[in-house]
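J.: Sharing input-v1.pdb below, PDB, C-alpha atoms, pLDDT in the B column:
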ATOM      1  CA  TYR X   1     -62.696 -10.107 -63.541  1.00 47.00           C
ATOM      2  CA  GLN X   2     -62.846  -6.414 -62.971  1.00 51.00           C
ATOM      3  CA  ARG X   3     -60.445  -3.943 -61.511  1.00 50.00           C
ATOM      4  CA  ARG X   4     -60.937  -0.491 -60.112  1.00 50.00           C
ATOM      5  CA  VAL X   5     -59.253   2.422 -61.936  1.00 48.00           C
ATOM      6  CA  HIS X   6     -59.866   5.930 -60.592  1.00 56.00           C
ATOM      7  CA  GLY X   7     -63.010   4.657 -58.879  1.00 59.00           C
ATOM      8  CA  ASP X   8     -64.470   2.995 -61.989  1.00 56.00           C
ATOM      9  CA  LEU X   9     -64.812  -0.733 -62.493  1.00 53.00           C
ATOM     10  CA  ILE X  10     -62.998  -1.722 -65.684  1.00 49.00           C
ATOM     11  CA  PRO X  11     -63.534  -5.208 -67.147  1.00 54.00           C
ATOM     12  CA  MET X  12     -60.295  -7.126 -67.592  1.00 56.00           C
ATOM     13  CA  ALA X  13     -59.715  -9.147 -70.729  1.00 62.00           C
ATOM     14  CA  LYS X  14     -61.815 -12.282 -70.787  1.00 72.00           C
ATOM     15  CA  PHE X  15     -59.004 -13.824 -72.755  1.00 85.00           C
ATOM     16  CA  LEU X  16     -56.023 -13.147 -70.496  1.00 89.00           C
ATOM     17  CA  ASN X  17     -55.037 -16.815 -70.216  1.00 89.00           C
ATOM     18  CA  GLN X  18     -55.114 -17.305 -73.991  1.00 90.00           C
ATOM     19  CA  ALA X  19     -53.002 -14.186 -74.430  1.00 95.00           C
ATOM     20  CA  LYS X  20     -50.369 -15.480 -72.009  1.00 95.00           C
ATOM     21  CA  VAL X  21     -50.236 -18.820 -73.824  1.00 96.00           C
ATOM     22  CA  VAL X  22     -49.833 -17.184 -77.251  1.00 97.00           C
ATOM     23  CA  TYR X  23     -47.234 -14.749 -75.924  1.00 97.00           C
ATOM     24  CA  ASP X  24     -45.107 -17.582 -74.556  1.00 97.00           C
ATOM     25  CA  LEU X  25     -45.511 -19.719 -77.696  1.00 98.00           C
ATOM     26  CA  ILE X  26     -44.323 -16.864 -79.903  1.00 98.00           C
ATOM     27  CA  GLU X  27     -41.497 -15.697 -77.661  1.00 96.00           C
ATOM     28  CA  THR X  28     -40.109 -19.214 -77.188  1.00 96.00           C
ATOM     29  CA  GLY X  29     -40.062 -19.833 -80.931  1.00 96.00           C
ATOM     30  CA  LYS X  30     -42.797 -22.422 -81.324  1.00 98.00           C
ATOM     31  CA  GLY X  31     -43.964 -20.915 -84.640  1.00 98.00           C
ATOM     32  CA  ALA X  32     -47.259 -20.380 -86.438  1.00 98.00           C
ATOM     33  CA  ALA X  33     -48.529 -23.939 -86.161  1.00 98.00           C
ATOM     34  CA  ALA X  34     -48.541 -23.657 -82.359  1.00 98.00           C
ATOM     35  CA  ILE X  35     -50.739 -20.531 -82.279  1.00 98.00           C
ATOM     36  CA  ARG X  36     -53.253 -21.146 -85.085  1.00 97.00           C
ATOM     37  CA  GLU X  37     -56.055 -22.179 -82.743  1.00 97.00           C
ATOM     38  CA  TYR X  38     -55.776 -18.821 -80.930  1.00 96.00           C
ATOM     39  CA  ILE X  39     -55.878 -16.434 -83.901  1.00 97.00           C
ATOM     40  CA  VAL X  40     -58.229 -15.629 -86.766  1.00 97.00           C
ATOM     41  CA  PRO X  41     -56.982 -16.516 -90.259  1.00 96.00           C
ATOM     42  CA  ASP X  42     -54.765 -13.696 -91.542  1.00 96.00           C
ATOM     43  CA  ALA X  43     -54.606 -11.972 -88.143  1.00 98.00           C
ATOM     44  CA  LEU X  44     -52.736  -8.691 -88.643  1.00 98.00           C
ATOM     45  CA  PHE X  45     -49.289  -8.007 -87.252  1.00 98.00           C
ATOM     46  CA  VAL X  46     -48.053  -4.425 -86.988  1.00 98.00           C
ATOM     47  CA  CYS X  47     -44.513  -3.378 -86.104  1.00 97.00           C
ATOM     48  CA  GLU X  48     -42.804  -0.320 -87.541  1.00 95.00           C
ATOM     49  CA  SER X  49     -39.341  -1.722 -86.717  1.00 93.00           C
ATOM     50  CA  LEU X  50     -39.618  -4.916 -88.779  1.00 93.00           C
ATOM     51  CA  PRO X  51     -39.813  -5.414 -92.557  1.00 90.00           C
ATOM     52  CA  PRO X  52     -43.262  -4.710 -94.042  1.00 92.00           C
ATOM     53  CA  ASN X  53     -43.612  -8.293 -95.314  1.00 94.00           C
ATOM     54  CA  ILE X  54     -43.967  -9.402 -91.682  1.00 96.00           C
ATOM     55  CA  ASP X  55     -47.603  -8.323 -91.688  1.00 97.00           C
ATOM     56  CA  ARG X  56     -49.487 -11.332 -90.300  1.00 98.00           C
ATOM     57  CA  VAL X  57     -49.258 -12.895 -86.846  1.00 98.00           C
ATOM     58  CA  GLU X  58     -48.405 -16.291 -88.338  1.00 98.00           C
ATOM     59  CA  VAL X  59     -45.575 -14.783 -90.408  1.00 98.00           C
ATOM     60  CA  TYR X  60     -44.230 -13.058 -87.291  1.00 98.00           C
ATOM     61  CA  ALA X  61     -44.472 -16.259 -85.215  1.00 98.00           C
ATOM     62  CA  ASP X  62     -42.446 -18.127 -87.838  1.00 98.00           C
ATOM     63  CA  TRP X  63     -39.918 -15.267 -87.988  1.00 96.00           C
ATOM     64  CA  MET X  64     -39.530 -15.515 -84.206  1.00 97.00           C
ATOM     65  CA  ARG X  65     -39.102 -19.287 -84.520  1.00 97.00           C
ATOM     66  CA  ALA X  66     -36.256 -18.659 -86.975  1.00 96.00           C
ATOM     67  CA  GLN X  67     -34.664 -16.248 -84.491  1.00 96.00           C
ATOM     68  CA  ALA X  68     -34.996 -18.673 -81.566  1.00 96.00           C
ATOM     69  CA  THR X  69     -33.848 -21.782 -83.396  1.00 96.00           C
ATOM     70  CA  GLY X  70     -31.331 -20.354 -85.855  1.00 96.00           C
ATOM     71  CA  THR X  71     -30.175 -16.774 -85.665  1.00 96.00           C
ATOM     72  CA  MET X  72     -30.175 -16.354 -81.857  1.00 97.00           C
ATOM     73  CA  PRO X  73     -30.449 -19.803 -80.267  1.00 96.00           C
ATOM     74  CA  GLY X  74     -30.935 -19.531 -76.528  1.00 94.00           C
ATOM     75  CA  CYS X  75     -32.618 -16.131 -76.760  1.00 96.00           C
ATOM     76  CA  SER X  76     -34.988 -15.352 -73.917  1.00 96.00           C
ATOM     77  CA  TYR X  77     -37.476 -12.883 -72.550  1.00 96.00           C
ATOM     78  CA  LYS X  78     -38.209 -11.458 -69.130  1.00 97.00           C
ATOM     79  CA  LEU X  79     -41.814 -10.423 -68.647  1.00 97.00           C
ATOM     80  CA  HIS X  80     -42.203  -7.283 -66.516  1.00 98.00           C
ATOM     81  CA  SER X  81     -45.942  -6.628 -66.617  1.00 96.00           C
ATOM     82  CA  VAL X  82     -49.254  -7.563 -68.190  1.00 95.00           C
ATOM     83  CA  THR X  83     -52.198  -5.193 -68.436  1.00 92.00           C
ATOM     84  CA  SER X  84     -55.602  -5.724 -69.976  1.00 90.00           C
ATOM     85  CA  ASN X  85     -59.021  -4.351 -70.699  1.00 86.00           C
ATOM     86  CA  SER X  86     -62.141  -5.955 -72.133  1.00 81.00           C
ATOM     87  CA  GLN X  87     -60.656  -6.621 -75.569  1.00 88.00           C
ATOM     88  CA  ALA X  88     -56.872  -6.276 -75.360  1.00 93.00           C
ATOM     89  CA  VAL X  89     -53.894  -7.563 -73.428  1.00 95.00           C
ATOM     90  CA  THR X  90     -50.549  -5.732 -73.353  1.00 97.00           C
ATOM     91  CA  PHE X  91     -47.232  -7.275 -72.346  1.00 97.00           C
ATOM     92  CA  PHE X  92     -44.113  -5.304 -71.396  1.00 98.00           C
ATOM     93  CA  ALA X  93     -40.886  -7.309 -71.447  1.00 98.00           C
ATOM     94  CA  THR X  94     -37.180  -7.406 -72.243  1.00 98.00           C
ATOM     95  CA  PHE X  95     -35.863  -9.673 -74.990  1.00 97.00           C
ATOM     96  CA  THR X  96     -32.215 -10.783 -75.002  1.00 98.00           C
ATOM     97  CA  GLY X  97     -30.328 -12.714 -77.642  1.00 97.00           C
ATOM     98  CA  THR X  98     -26.887 -13.247 -79.130  1.00 98.00           C
ATOM     99  CA  HIS X  99     -26.402 -13.564 -82.896  1.00 97.00           C
ATOM    100  CA  THR X 100     -24.481 -16.853 -83.071  1.00 98.00           C
ATOM    101  CA  GLY X 101     -26.386 -18.655 -85.823  1.00 97.00           C
ATOM    102  CA  GLU X 102     -27.173 -18.246 -89.491  1.00 93.00           C
ATOM    103  CA  GLY X 103     -30.222 -16.313 -90.609  1.00 87.00           C
ATOM    104  CA  GLY X 104     -29.473 -12.702 -89.854  1.00 88.00           C
ATOM    105  CA  PRO X 105     -28.805 -10.058 -92.488  1.00 92.00           C
ATOM    106  CA  VAL X 106     -25.059 -10.616 -91.973  1.00 94.00           C
ATOM    107  CA  PRO X 107     -22.975 -13.611 -90.854  1.00 95.00           C
ATOM    108  CA  PRO X 108     -23.044 -14.298 -87.082  1.00 97.00           C
ATOM    109  CA  THR X 109     -21.656 -11.304 -85.206  1.00 97.00           C
ATOM    110  CA  HIS X 110     -21.582 -12.962 -81.754  1.00 97.00           C
ATOM    111  CA  LYS X 111     -22.946  -9.679 -80.403  1.00 97.00           C
ATOM    112  CA  THR X 112     -25.705  -9.568 -77.798  1.00 98.00           C
ATOM    113  CA  MET X 113     -28.786  -7.391 -77.787  1.00 97.00           C
ATOM    114  CA  SER X 114     -31.262  -6.575 -75.065  1.00 97.00           C
ATOM    115  CA  CYS X 115     -34.370  -4.537 -75.780  1.00 97.00           C
ATOM    116  CA  HIS X 116     -37.569  -3.507 -74.080  1.00 98.00           C
ATOM    117  CA  TYR X 117     -40.745  -4.085 -76.052  1.00 98.00           C
ATOM    118  CA  THR X 118     -44.505  -4.235 -75.798  1.00 98.00           C
ATOM    119  CA  TYR X 119     -47.048  -6.520 -77.426  1.00 96.00           C
ATOM    120  CA  THR X 120     -50.710  -5.612 -77.556  1.00 98.00           C
ATOM    121  CA  MET X 121     -53.063  -8.391 -78.615  1.00 97.00           C
ATOM    122  CA  ILE X 122     -56.549  -7.377 -79.754  1.00 96.00           C
ATOM    123  CA  PHE X 123     -59.265 -10.035 -79.461  1.00 93.00           C
ATOM    124  CA  ASN X 124     -62.610 -10.526 -81.170  1.00 91.00           C
ATOM    125  CA  GLU X 125     -65.755 -11.540 -79.263  1.00 85.00           C
ATOM    126  CA  LEU X 126     -64.882 -15.235 -79.717  1.00 87.00           C
ATOM    127  CA  GLY X 127     -61.529 -14.878 -78.007  1.00 87.00           C
ATOM    128  CA  LYS X 128     -59.396 -15.054 -81.153  1.00 93.00           C
ATOM    129  CA  ILE X 129     -56.545 -12.635 -81.773  1.00 96.00           C
ATOM    130  CA  VAL X 130     -57.323 -10.352 -84.718  1.00 97.00           C
ATOM    131  CA  ARG X 131     -54.319  -8.031 -84.394  1.00 98.00           C
ATOM    132  CA  LEU X 132     -50.953  -8.015 -82.646  1.00 98.00           C
ATOM    133  CA  VAL X 133     -49.002  -4.775 -82.344  1.00 98.00           C
ATOM    134  CA  LYS X 134     -45.348  -4.862 -81.283  1.00 98.00           C
ATOM    135  CA  VAL X 135     -43.384  -1.748 -80.344  1.00 98.00           C
ATOM    136  CA  PHE X 136     -39.614  -1.722 -79.885  1.00 96.00           C
ATOM    137  CA  ASN X 137     -36.625   0.369 -80.936  1.00 95.00           C
ATOM    138  CA  GLY X 138     -35.399  -1.534 -83.962  1.00 93.00           C
ATOM    139  CA  PHE X 139     -32.515   0.836 -84.671  1.00 93.00           C
ATOM    140  CA  THR X 140     -30.953   0.376 -81.246  1.00 94.00           C
ATOM    141  CA  THR X 141     -31.669  -3.349 -81.187  1.00 95.00           C
ATOM    142  CA  PHE X 142     -30.210  -4.075 -84.618  1.00 95.00           C
ATOM    143  CA  ALA X 143     -27.217  -1.803 -83.941  1.00 95.00           C
ATOM    144  CA  GLN X 144     -26.447  -3.818 -80.778  1.00 96.00           C
ATOM    145  CA  LEU X 145     -26.354  -6.949 -82.950  1.00 96.00           C
ATOM    146  CA  GLY X 146     -24.045  -5.333 -85.514  1.00 95.00           C
ATOM    147  CA  TRP X 147     -26.743  -5.569 -88.192  1.00 93.00           C
ATOM    148  CA  LEU X 148     -26.546  -1.894 -89.162  1.00 88.00           C
ATOM    149  CA  PRO X 149     -23.653  -0.143 -90.883  1.00 75.00           C
ATOM    150  CA  PRO X 150     -21.601   2.097 -88.612  1.00 65.00           C
ATOM    151  CA  SER X 151     -22.800   5.684 -88.602  1.00 60.00           C
TER     152      SER X 151
END
Write the structure described by the file as structure tokens, please.

T.:
Amino acid sequence: YQRRVHGDLIPMAKFLNQAKVVYDLIETGKGAAAIREYIVPDALFVCESLPPNIDRVEVYADWMRAQATGTMPGCSYKLHSVTSNSQAVTFFATFTGTHTGEGGPVPPTHKTMSCHYTYTMIFNELGKIVRLVKVFNGFTTFAQLGWLPPS
């Protein structure tokens, strides 16, 4: 597929469907095992708002599984838009969850958070994800959950 931007034809990601599948698998807490066929081994994960040990897509997918099945059961996302080019797909969404389960940095706070975020998935020529970049405001998000000390 191609789309016209300022008069130029821009190729859309050949891997848009795979990206949507991986996005949903991660966001619904299916974990690393569910996405392995879509990523290269040791695919990089980058997010300045999460601990540095969450540095691989599989590690992040398992962290999200822990959030969805333990820390914030019933959490959800609302997808607002998807954009793409020949090698990347970007998602813009809102994630909502309530800390009612074990697994957070403090006991359950029963507080709810809602945050906007983006994911950008970078693909290799074989259609495998080599890098996933997530951007969100961790300070605001974690403060909403009561995970940060009062200022």

J.: Could you state which residues are captured by the PyMOL selection byres ((chain X and resi 144) around 10) in this file, as a PyMOL selection string?

T.: chain X and resi 98-99+109+111-115+138-143+145-148

J.: Return the single residue from X:Val21, X:Met121, X:Ala34, X:Val135 that is closest to Ala88 of chain X, with distances computed using only C-alpha atoms.

T.: X:Met121

J.: Just so the selection is clear, what residues does the PyMOL selection byres ((chain X and resi 29) around 6) cover here, as a short mmCIF file (atom, residue, chain, number, x, y, z; two decimals) with C-alpha atoms, keeping the file's coordinate frame?

T.:
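See result34.cif below for the written result:
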data_model
loop_
_atom_site.label_atom_id
_atom_site.label_comp_id
_atom_site.auth_asym_id
_atom_site.auth_seq_id
_atom_site.Cartn_x
_atom_site.Cartn_y
_atom_site.Cartn_z
CA ILE X 26 -44.32 -16.86 -79.90
CA GLU X 27 -41.50 -15.70 -77.66
CA THR X 28 -40.11 -19.21 -77.19
CA LYS X 30 -42.80 -22.42 -81.32
CA GLY X 31 -43.96 -20.92 -84.64
CA MET X 64 -39.53 -15.52 -84.21
CA ARG X 65 -39.10 -19.29 -84.52
CA ALA X 68 -35.00 -18.67 -81.57
#

J.: Counting only C-alpha atoms, which residue out of X:Val57, X:Ile129, X:Met72, X:Ala33 sits closest to Lys20 of chain X?

T.: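 Of the candidates, the smallest distance to Lys20 of chain X is held by X:Ile129.
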
J.: From the set X:Cys47, X:Val40, X:Val22, X:Ala32, which residue has the shortest atom-to-atom contact distance to Trp63 of chain X, counting only C-alpha atoms?

T.: X:Ala32

J.: Could you tell me which residues the PyMOL selection byres ((chain X and resi 119) around 7) grabs in this file, written as a list in words?

T.: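 This file gives the following for the PyMOL selection byres ((chain X and resi 119) around 7): Thr90, Phe91, Phe92, Tyr117, Thr118, Thr120, Met121, Leu132, Val133, Lys134 and Val135 of chain X.
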
J.: Would you list the contacts of Val89 of chain X as a list in words, taking every protein, DNA or RNA residue within 10 Å and counting only C-alpha atoms, but skipping same-chain residues closer than 6 positions in sequence?

T.: Met12, Ala13, Lys14, Phe15, Leu16, Asn17, Gln18, Ala19, Lys20, Val82, Thr83, Tyr119, Thr120, Met121, Ile122, Phe123 and Leu132 of chain X

J.: Of the candidates X:Lys128, X:Tyr77, X:Pro149, X:Phe136, which one gets nearest to Leu44 of chain X if we count all atoms listed in the file?

T.: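 Among the listed residues, the smallest separation from Leu44 of chain X belongs to X:Lys128.
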
J.: Give me, please, the distance in Å between atom CA of Pro107 of chain X and atom CA of Glu58 of chain X, quoted to one decimal.

T.: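 Between these atoms lies a distance of 25.7 Å.
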
J.: Just the number, please: distance in Å from atom CA of Val59 of chain X to atom CA of Pro73 of chain X, one decimal.

T.: 18.9 Å

J.: Just give me the gap between atom CA of Ala66 of chain X and atom CA of Asn124 of chain X in Å, one decimal is fine.

T.: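 A separation of 28.2 Å between them.
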